[in-house]
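Visitor: Following this line is target_0.cif, made up of mmCIF, C-alpha atoms:
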data_run
#
loop_
_atom_site.label_atom_id
_atom_site.label_comp_id
_atom_site.auth_asym_id
_atom_site.auth_seq_id
_atom_site.Cartn_x
_atom_site.Cartn_y
_atom_site.Cartn_z
CA MET G 9 110.76 96.72 117.98
CA ASN G 10 107.12 97.80 118.22
CA PHE G 11 107.98 101.44 117.49
CA ILE G 12 110.00 100.52 114.39
CA TYR G 13 107.24 98.21 113.22
CA ARG G 14 104.66 100.98 113.59
CA LEU G 15 106.91 103.32 111.59
CA LEU G 16 107.14 100.71 108.82
CA LEU G 17 103.37 100.13 108.83
CA THR G 18 102.78 103.87 108.64
CA PHE G 19 105.17 104.25 105.74
CA ASN G 20 103.55 101.32 103.94
CA ALA G 21 100.09 102.80 104.51
CA THR G 22 101.07 106.18 103.04
CA SER G 23 103.72 105.28 100.44
CA LEU G 24 101.25 104.87 97.60
CA ILE G 25 101.02 108.68 97.51
CA ILE G 26 104.66 108.75 96.42
CA VAL G 27 104.04 106.06 93.80
CA ILE G 28 101.09 107.96 92.32
CA TYR G 29 103.12 111.19 92.26
CA LEU G 30 106.07 109.51 90.50
CA VAL G 31 103.77 108.05 87.87
CA LYS G 32 101.96 111.37 87.38
CA GLU G 33 105.26 113.21 86.96
CA GLU G 34 106.55 110.44 84.65
CA VAL G 35 109.74 109.99 86.64
CA LEU G 36 111.44 107.07 84.92
CA ILE G 37 114.27 104.83 86.04
CA ASN G 38 115.49 104.61 82.45
CA GLU G 39 116.67 108.23 82.76
CA PHE G 40 119.22 107.34 85.44
CA HIS G 41 121.62 105.18 83.41
CA LEU G 42 122.40 104.45 79.75
CA ILE G 43 121.87 100.71 80.24
CA LEU G 44 118.30 101.38 81.37
CA CYS G 45 117.39 103.85 78.59
CA GLY G 46 115.72 101.22 76.41
CA LEU G 47 113.22 100.14 79.06
CA PRO G 48 109.57 101.03 78.45
CA ASN G 49 108.00 103.53 80.86
CA TYR G 50 105.67 101.00 82.43
CA ILE G 51 108.66 99.11 83.86
CA SER G 52 109.41 102.13 86.06
CA TYR G 53 105.80 102.30 87.19
CA ILE G 54 105.69 98.60 88.02
CA LEU G 55 108.93 98.86 90.00
CA TYR G 56 107.58 101.84 91.94
CA PHE G 57 104.49 99.84 92.84
CA LEU G 58 106.54 96.77 93.78
CA VAL G 59 108.50 98.69 96.44
CA PRO G 60 105.47 99.23 98.75
CA ILE G 61 104.34 95.65 98.08
CA PHE G 62 107.77 94.37 99.09
CA LEU G 63 107.81 96.55 102.22
CA THR G 64 104.34 95.29 103.14
CA PHE G 65 105.62 91.72 102.78
CA ILE G 66 108.58 92.60 105.03
CA SER G 67 106.18 94.06 107.61
CA ILE G 68 104.23 90.78 107.64
CA LEU G 69 107.48 88.85 108.25
CA ILE G 70 108.62 91.23 111.01
CA ALA G 71 105.24 90.97 112.78
CA ARG G 72 106.20 87.58 114.19
CA TYR G 73 108.61 89.39 116.54
CA LEU G 74 105.88 91.52 118.12
CA GLY G 75 104.43 90.71 121.52
CA GLU G 76 101.67 88.12 121.69
CA ASP G 77 98.12 88.50 122.89
CA ASN G 78 94.95 86.47 122.63
CA ILE G 79 91.21 86.81 122.46
CA PHE G 80 89.23 84.04 124.08
CA ILE G 81 86.06 82.55 122.71
CA GLY G 82 82.95 84.35 123.94
CA THR G 83 84.68 87.71 124.49
CA ILE G 84 83.74 89.26 121.13
CA LYS G 85 80.39 91.05 121.08
CA SER G 86 80.37 92.19 117.43
CA ILE G 87 82.39 92.03 114.23
CA GLU G 88 82.46 94.80 111.66
CA GLN G 89 84.36 94.39 108.41
CA ALA G 90 86.64 97.38 107.81
CA ASN G 91 88.01 96.56 104.32
CA ASN G 92 85.79 99.07 102.56
CA THR G 93 85.77 101.65 105.33
CA PHE G 94 89.21 103.00 104.51
CA LEU G 95 89.07 102.91 100.71
CA PRO G 96 87.54 106.41 100.43
CA SER G 97 90.51 107.75 102.43
CA TYR G 98 92.92 106.13 100.01
CA LEU G 99 91.05 107.48 97.01
CA GLY G 100 91.42 110.90 98.64
CA TYR G 101 95.17 110.28 98.99
CA PHE G 102 95.35 109.45 95.28
CA PHE G 103 93.54 112.63 94.29
CA VAL G 104 95.85 114.64 96.55
CA ALA G 105 98.90 112.98 94.95
CA LEU G 106 97.57 113.77 91.49
CA SER G 107 97.09 117.44 92.35
CA ILE G 108 100.51 118.04 93.96
CA PRO G 109 102.56 120.19 91.60
CA PHE G 110 106.06 120.08 93.14
CA VAL G 111 108.34 117.62 94.96
CA ASP G 112 108.72 119.90 97.98
CA THR G 113 104.92 120.05 98.27
CA LEU G 114 104.82 116.25 98.06
CA VAL G 115 107.37 115.96 100.86
CA PHE G 116 105.40 118.36 103.06
CA VAL G 117 102.03 116.67 102.42
CA PHE G 118 103.54 113.20 102.85
CA ALA G 119 105.14 114.24 106.16
CA ILE G 120 101.83 115.56 107.49
CA LEU G 121 99.94 112.41 106.46
CA PHE G 122 102.70 110.23 107.87
CA VAL G 123 102.62 111.95 111.26
CA PHE G 124 98.82 111.87 111.52
CA THR G 125 98.66 108.23 110.44
CA PHE G 126 101.36 107.28 112.93
CA LEU G 127 99.74 109.17 115.79
CA SER G 128 96.22 107.90 115.04
CA GLN G 129 97.13 104.63 116.82
CA THR G 130 94.55 102.68 114.84
CA LEU G 131 94.89 103.69 111.22
CA TYR G 132 97.33 101.03 110.03
CA PHE G 133 95.05 100.10 107.18
CA ASN G 134 97.20 99.36 104.17
CA PRO G 135 95.32 98.34 101.01
CA LEU G 136 98.37 96.31 99.97
CA PHE G 137 97.57 93.82 102.75
CA LEU G 138 94.63 92.83 100.55
CA ILE G 139 97.12 91.49 97.98
CA PHE G 140 98.39 89.12 100.69
CA ARG G 141 94.77 88.01 101.39
CA TYR G 142 94.46 89.86 104.71
CA HIS G 143 91.17 91.37 105.83
CA PHE G 144 90.48 94.17 108.28
CA TYR G 145 87.93 94.00 111.08
CA TYR G 146 86.72 96.06 113.96
CA LEU G 147 85.93 93.78 116.87
CA THR G 148 83.95 95.03 119.83
CA THR G 149 84.61 93.09 123.00
CA THR G 150 82.07 92.32 125.71
CA ASN G 151 83.76 95.13 127.68
CA GLU G 152 82.79 97.56 124.86
CA ILE G 153 86.39 98.00 123.69
CA LYS G 154 86.75 98.37 119.92
CA ILE G 155 89.90 96.86 118.46
CA PHE G 156 91.27 96.66 114.92
CA VAL G 157 92.36 93.21 113.72
CA ILE G 158 94.25 92.34 110.54
CA THR G 159 93.74 88.68 109.67
CA ARG G 160 93.45 86.24 106.78
CA ARG G 161 90.45 84.63 108.41
CA ILE G 162 86.91 85.44 107.39
CA LEU G 163 85.13 86.44 110.60
CA LYS G 164 81.36 86.07 110.85
CA ALA G 165 80.36 84.66 114.22
CA PRO G 166 81.35 86.91 117.15
CA LYS G 167 80.59 84.36 119.88
CA GLU G 168 82.76 81.73 118.15
CA THR G 169 85.70 84.01 117.27
CA GLU G 170 88.95 83.25 119.03
CA PHE G 171 92.57 84.25 118.44
CA GLU G 172 95.21 82.27 120.28
CA LYS G 173 98.32 84.09 119.02
CA LEU G 174 97.59 87.64 117.98
CA LYS G 175 100.53 89.98 117.52
CA ARG G 176 100.07 93.33 119.26
CA ILE G 177 100.88 96.39 117.16
CA ASN G 178 99.50 98.76 119.80
CA ASP G 179 96.76 98.68 122.43
CA PHE G 180 93.99 98.74 119.83
CA THR G 181 95.55 97.13 116.74
CA PHE G 182 96.52 93.49 116.25
CA ILE G 183 97.65 91.24 113.42
CA ASP G 184 96.87 87.55 113.18
CA LEU G 185 99.61 85.60 111.39
CA THR G 186 98.05 82.15 111.67
#
Output the file's structure as structure tokens, nothing else.
Guide:
Amino acid sequence: MNFIYRLLLTFNATSLIIVIYLVKEEVLINEFHLILCGLPNYISYILYFLVPIFLTFISILIARYLGEDNIFIGTIKSIEQANNTFLPSYLGYFFVALSIPFVDTLVFVFAILFVFTFLSQTLYFNPLFLIFRYHFYYLTTTNEIKIFVITRRILKAPKETEFEKLKRINDFTFIDLT
């Protein structure tokens, strides 16, 4: 289950490249059937954007089936917010998507980004989690281990931070569903 979940998170984290490319190329759903031909272009673009949002929602629901872990009070040495850390990477993805001229190039670039994101073991940052009010943090434990936590909580006080039911994505990445 963990492997499939990590594949889904990786796809969610990189799928916006496909959305940007489809919008740039003006690929429209109203071209696929006569019933749809009267739809305005922006409907296609909204639907393209809703697919990654829906898949992100599904990944949040599936997370409850991951293994549990916890972090006890007093074991966190420092908290570093990571929300803004990854946004430059995503802006880079958008510029790459805008400059891709052909579908086969898109497939190749997407495959490379997908593999590197999957193998990075910690880069499951998905800006769409922000829509669901999740935040991203790097927590450094008293043992000097840096972990990545996705949570709805606002974390400020390291010594008072505790997670009783974290879901383990991998050894360094966790999601808090409470």
Visitor: What is the distance, in Å and to one decimal place, between CA of Gly75 (chain G) and CA of Glu152 (chain G)?
Guide: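 Spanning CA of Gly75 (chain G) to CA of Glu152 (chain G) is a straight-line distance of 22.9 Å.
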Visitor: List as a PyMOL selection string the protein and nucleic acid residues near Asn92 (chain G), meaning an atom at most 12 Å away when only C-alpha atoms are counted, but skip any in the same chain fewer than 6 places from it.
Guide: chain G and resi 98-99+133-135+138+143-146
Visitor: Of the residues G:Ile120, G:Leu55, G:Leu106, G:Leu63, which is the one nearest to Lys32 (chain G), using all atoms listed in the file?
Guide: G:Leu106
Visitor: Quick one: distance from CA of Glu34 (chain G) to CA of Phe140 (chain G) in Å, one decimal?
Guide: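 That distance, rounded to one decimal, is 27.9 Å.
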Visitor: Box in all listed atoms of region 29-40 of chain G, axis-aligned, with 4 Å more on each side; write out centre and edge lengths in Å to one decimal as JSON.
Guide:
{"center_x": 110.6, "center_y": 108.9, "center_z": 87.4, "size_x": 25.3, "size_y": 16.6, "size_z": 17.8}
Visitor: With a distance cut-off of 10 Å and all atoms listed in the file, select the neighbouring residues of region 21-24 of chain G, excluding the residue or stretch itself and same-chain residues fewer than 6 positions from it, and output the selection as a list in words.
Guide: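 Selected residues are Leu15, Leu30, Tyr56, Phe57, Val59, Pro60, Ile61, Leu63, Thr64, Tyr98, Tyr101, Phe102, Ala105, Phe118, Ala119, Leu121, Phe122, Thr125, Phe126, Leu131, Tyr132, Phe133, Asn134, Pro135, Leu136 and Phe137 of chain G.
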Visitor: Taking into account all atoms listed in the file, which residue in the set G:Thr83, G:Ser107, G:Ser97, G:Gln89 is nearest to Thr159 (chain G)?
Guide: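 Going through G:Thr83, G:Ser107, G:Ser97, G:Gln89 one by one, the smallest distance to Thr159 (chain G) is for G:Gln89.
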Visitor: Nearest to Ile70 (chain G): which of G:Tyr142, G:Phe180, G:Ile12, G:Ile153 is it, counting all atoms listed in the file?
Guide: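 So, comparing all the options, the nearest one is G:Ile12.
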Visitor: Between G:Val111, G:Ile79, G:Val35, G:Val157, which residue has the minimum interatomic distance to Asn91 (chain G), considering all atoms listed in the file?
Guide: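 With all atoms listed in the file as the atom set, the closest residue is G:Val157.
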Visitor: If you measure from CA of Leu58 (chain G) to CA of Phe40 (chain G), what distance in Å do you get, rounded to one decimal?
Guide: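 Those two atoms sit 18.5 Å apart.
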Visitor: Please provide the set of residues having any atom within 8 Å of Phe171 (chain G), restricted to only C-alpha atoms, with same-chain residues fewer than 4 positions apart removed, written as a count of residues only.
Guide: 5
Visitor: Calculated over all atoms listed in the file, which of the candidates G:Arg176, G:Glu168, G:Ile51, G:Tyr13 has the smallest distance to Ile66 (chain G)?
Guide: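 With all atoms listed in the file as the atom set, the closest residue is G:Tyr13.
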Visitor: Excluding Asn49 (chain G) and residues on its chain fewer than 5 positions from it, collect all residues at most 10 Å away from it, counting all atoms listed in the file, and give them as an NGL selection string.
Guide: :G and (31 or 34-38 or 54)
Visitor: Produce a file of the selected residues containing C-alpha atoms, as a PDB file, keeping the file's coordinate frame.
Guide:
ATOM      1  CA  VAL G  31     103.770 108.050  87.870  1.00  0.00           C
ATOM      2  CA  GLU G  34     106.550 110.440  84.650  1.00  0.00           C
ATOM      3  CA  VAL G  35     109.740 109.990  86.640  1.00  0.00           C
ATOM      4  CA  LEU G  36     111.440 107.070  84.920  1.00  0.00           C
ATOM      5  CA  ILE G  37     114.270 104.830  86.040  1.00  0.00           C
ATOM      6  CA  ASN G  38     115.490 104.610  82.450  1.00  0.00           C
ATOM      7  CA  ILE G  54     105.690  98.600  88.020  1.00  0.00           C
TER       8      ILE G  54
END
Visitor: Which residues are near Ala71 (chain G)? Cut-off 8 Å, only C-alpha atoms, ignore same chain within fewer than 5 positions. Put them as a ChimeraX atom specification.
Guide: /G:13,175,183,185
Visitor: Which residue is closest to Phe116 (chain G)? Choose from G:Ser67, G:Tyr53, G:Phe94, G:Ile26 and count all atoms listed in the file.
Guide: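 The shortest atom-to-atom distance to Phe116 (chain G) comes from G:Ile26.
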Visitor: Output: region 66-98 of chain G of the preceding structure, restricted to N, CA, C and O atoms, written as a short mmCIF file (atom, residue, chain, number, x, y, z; two decimals), in the first residue's frame.
Guide:
data_model
loop_
_atom_site.label_atom_id
_atom_site.label_comp_id
_atom_site.auth_asym_id
_atom_site.auth_seq_id
_atom_site.Cartn_x
_atom_site.Cartn_y
_atom_site.Cartn_z
N ILE G 66 -8.08 12.27 -2.93
CA ILE G 66 -8.05 10.80 -2.81
C ILE G 66 -6.82 10.37 -2.02
O ILE G 66 -6.89 9.48 -1.16
N SER G 67 -5.67 11.02 -2.26
CA SER G 67 -4.46 10.64 -1.54
C SER G 67 -4.59 10.95 -0.04
O SER G 67 -4.04 10.21 0.78
N ILE G 68 -5.31 11.99 0.30
CA ILE G 68 -5.55 12.29 1.72
C ILE G 68 -6.42 11.20 2.33
O ILE G 68 -6.17 10.75 3.45
N LEU G 69 -7.44 10.76 1.60
CA LEU G 69 -8.32 9.68 2.11
C LEU G 69 -7.56 8.36 2.27
O LEU G 69 -7.74 7.65 3.26
N ILE G 70 -6.72 8.04 1.30
CA ILE G 70 -5.98 6.77 1.32
C ILE G 70 -4.93 6.77 2.44
O ILE G 70 -4.59 5.71 2.96
N ALA G 71 -4.46 7.93 2.83
CA ALA G 71 -3.40 8.02 3.85
C ALA G 71 -3.79 7.34 5.15
O ALA G 71 -2.91 6.88 5.89
N ARG G 72 -5.05 7.26 5.44
CA ARG G 72 -5.47 6.63 6.71
C ARG G 72 -5.11 5.14 6.78
O ARG G 72 -5.12 4.54 7.84
N TYR G 73 -4.78 4.55 5.63
CA TYR G 73 -4.42 3.13 5.59
C TYR G 73 -2.91 2.89 5.69
O TYR G 73 -2.47 1.75 5.66
N LEU G 74 -2.15 3.96 5.82
CA LEU G 74 -0.70 3.83 5.98
C LEU G 74 -0.37 3.44 7.42
O LEU G 74 -1.20 3.62 8.32
N GLY G 75 0.83 2.97 7.62
CA GLY G 75 1.28 2.61 8.96
C GLY G 75 1.34 3.83 9.87
O GLY G 75 1.56 4.95 9.41
N GLU G 76 1.16 3.59 11.16
CA GLU G 76 1.16 4.69 12.13
C GLU G 76 2.51 4.85 12.81
O GLU G 76 3.27 3.89 12.95
N ASP G 77 2.77 6.07 13.21
CA ASP G 77 3.97 6.41 13.96
C ASP G 77 3.61 7.55 14.89
O ASP G 77 2.50 8.10 14.81
N ASN G 78 4.51 7.90 15.77
CA ASN G 78 4.24 9.03 16.65
C ASN G 78 5.52 9.78 16.97
O ASN G 78 6.62 9.26 16.80
N ILE G 79 5.34 10.99 17.40
CA ILE G 79 6.44 11.83 17.88
C ILE G 79 6.03 12.32 19.26
O ILE G 79 4.99 12.96 19.41
N PHE G 80 6.85 12.00 20.24
CA PHE G 80 6.51 12.36 21.61
C PHE G 80 6.94 13.78 21.93
O PHE G 80 7.88 14.32 21.34
N ILE G 81 6.26 14.35 22.87
CA ILE G 81 6.58 15.70 23.31
C ILE G 81 8.02 15.74 23.84
O ILE G 81 8.48 14.81 24.48
N GLY G 82 8.73 16.80 23.48
CA GLY G 82 10.11 16.96 23.92
C GLY G 82 11.15 16.35 22.99
O GLY G 82 12.33 16.45 23.26
N THR G 83 10.70 15.70 21.91
CA THR G 83 11.67 15.07 21.00
C THR G 83 11.96 15.90 19.76
O THR G 83 12.79 15.51 18.94
N ILE G 84 11.30 17.05 19.62
CA ILE G 84 11.53 17.93 18.48
C ILE G 84 12.45 19.06 18.91
O ILE G 84 12.16 19.79 19.87
N LYS G 85 13.55 19.20 18.21
CA LYS G 85 14.54 20.24 18.52
C LYS G 85 14.22 21.55 17.81
O LYS G 85 14.34 22.63 18.38
N SER G 86 13.80 21.45 16.52
CA SER G 86 13.48 22.67 15.77
C SER G 86 12.41 22.40 14.73
O SER G 86 12.23 21.28 14.28
N ILE G 87 11.71 23.48 14.38
CA ILE G 87 10.65 23.43 13.37
C ILE G 87 10.97 24.46 12.31
O ILE G 87 11.26 25.62 12.61
N GLU G 88 10.92 24.02 11.06
CA GLU G 88 11.16 24.93 9.94
C GLU G 88 10.01 24.79 8.95
O GLU G 88 9.75 23.69 8.45
N GLN G 89 9.31 25.88 8.70
CA GLN G 89 8.21 25.83 7.75
C GLN G 89 8.76 25.60 6.34
O GLN G 89 9.74 26.23 5.93
N ALA G 90 8.14 24.70 5.59
CA ALA G 90 8.63 24.35 4.26
C ALA G 90 7.66 24.77 3.15
O ALA G 90 7.93 24.48 1.99
N ASN G 91 6.56 25.43 3.49
CA ASN G 91 5.58 25.83 2.47
C ASN G 91 6.23 26.59 1.32
O ASN G 91 5.97 26.31 0.16
N ASN G 92 7.02 27.57 1.64
CA ASN G 92 7.59 28.44 0.61
C ASN G 92 8.88 27.89 0.01
O ASN G 92 9.35 28.38 -1.00
N THR G 93 9.45 26.90 0.62
CA THR G 93 10.72 26.34 0.16
C THR G 93 10.59 25.71 -1.22
O THR G 93 11.49 25.81 -2.04
N PHE G 94 9.47 25.08 -1.48
CA PHE G 94 9.31 24.32 -2.72
C PHE G 94 8.65 25.12 -3.84
O PHE G 94 8.64 24.67 -4.98
N LEU G 95 8.09 26.28 -3.54
CA LEU G 95 7.41 27.04 -4.59
C LEU G 95 8.32 27.42 -5.75
O LEU G 95 7.88 27.36 -6.91
N PRO G 96 9.58 27.79 -5.53
CA PRO G 96 10.44 28.06 -6.69
C PRO G 96 10.60 26.84 -7.61
O PRO G 96 10.65 26.99 -8.83
N SER G 97 10.63 25.65 -7.04
CA SER G 97 10.70 24.43 -7.87
C SER G 97 9.47 24.31 -8.75
O SER G 97 9.56 23.97 -9.94
N TYR G 98 8.31 24.59 -8.17
CA TYR G 98 7.08 24.49 -8.94
C TYR G 98 6.97 25.57 -10.00
O TYR G 98 6.45 25.34 -11.09
#
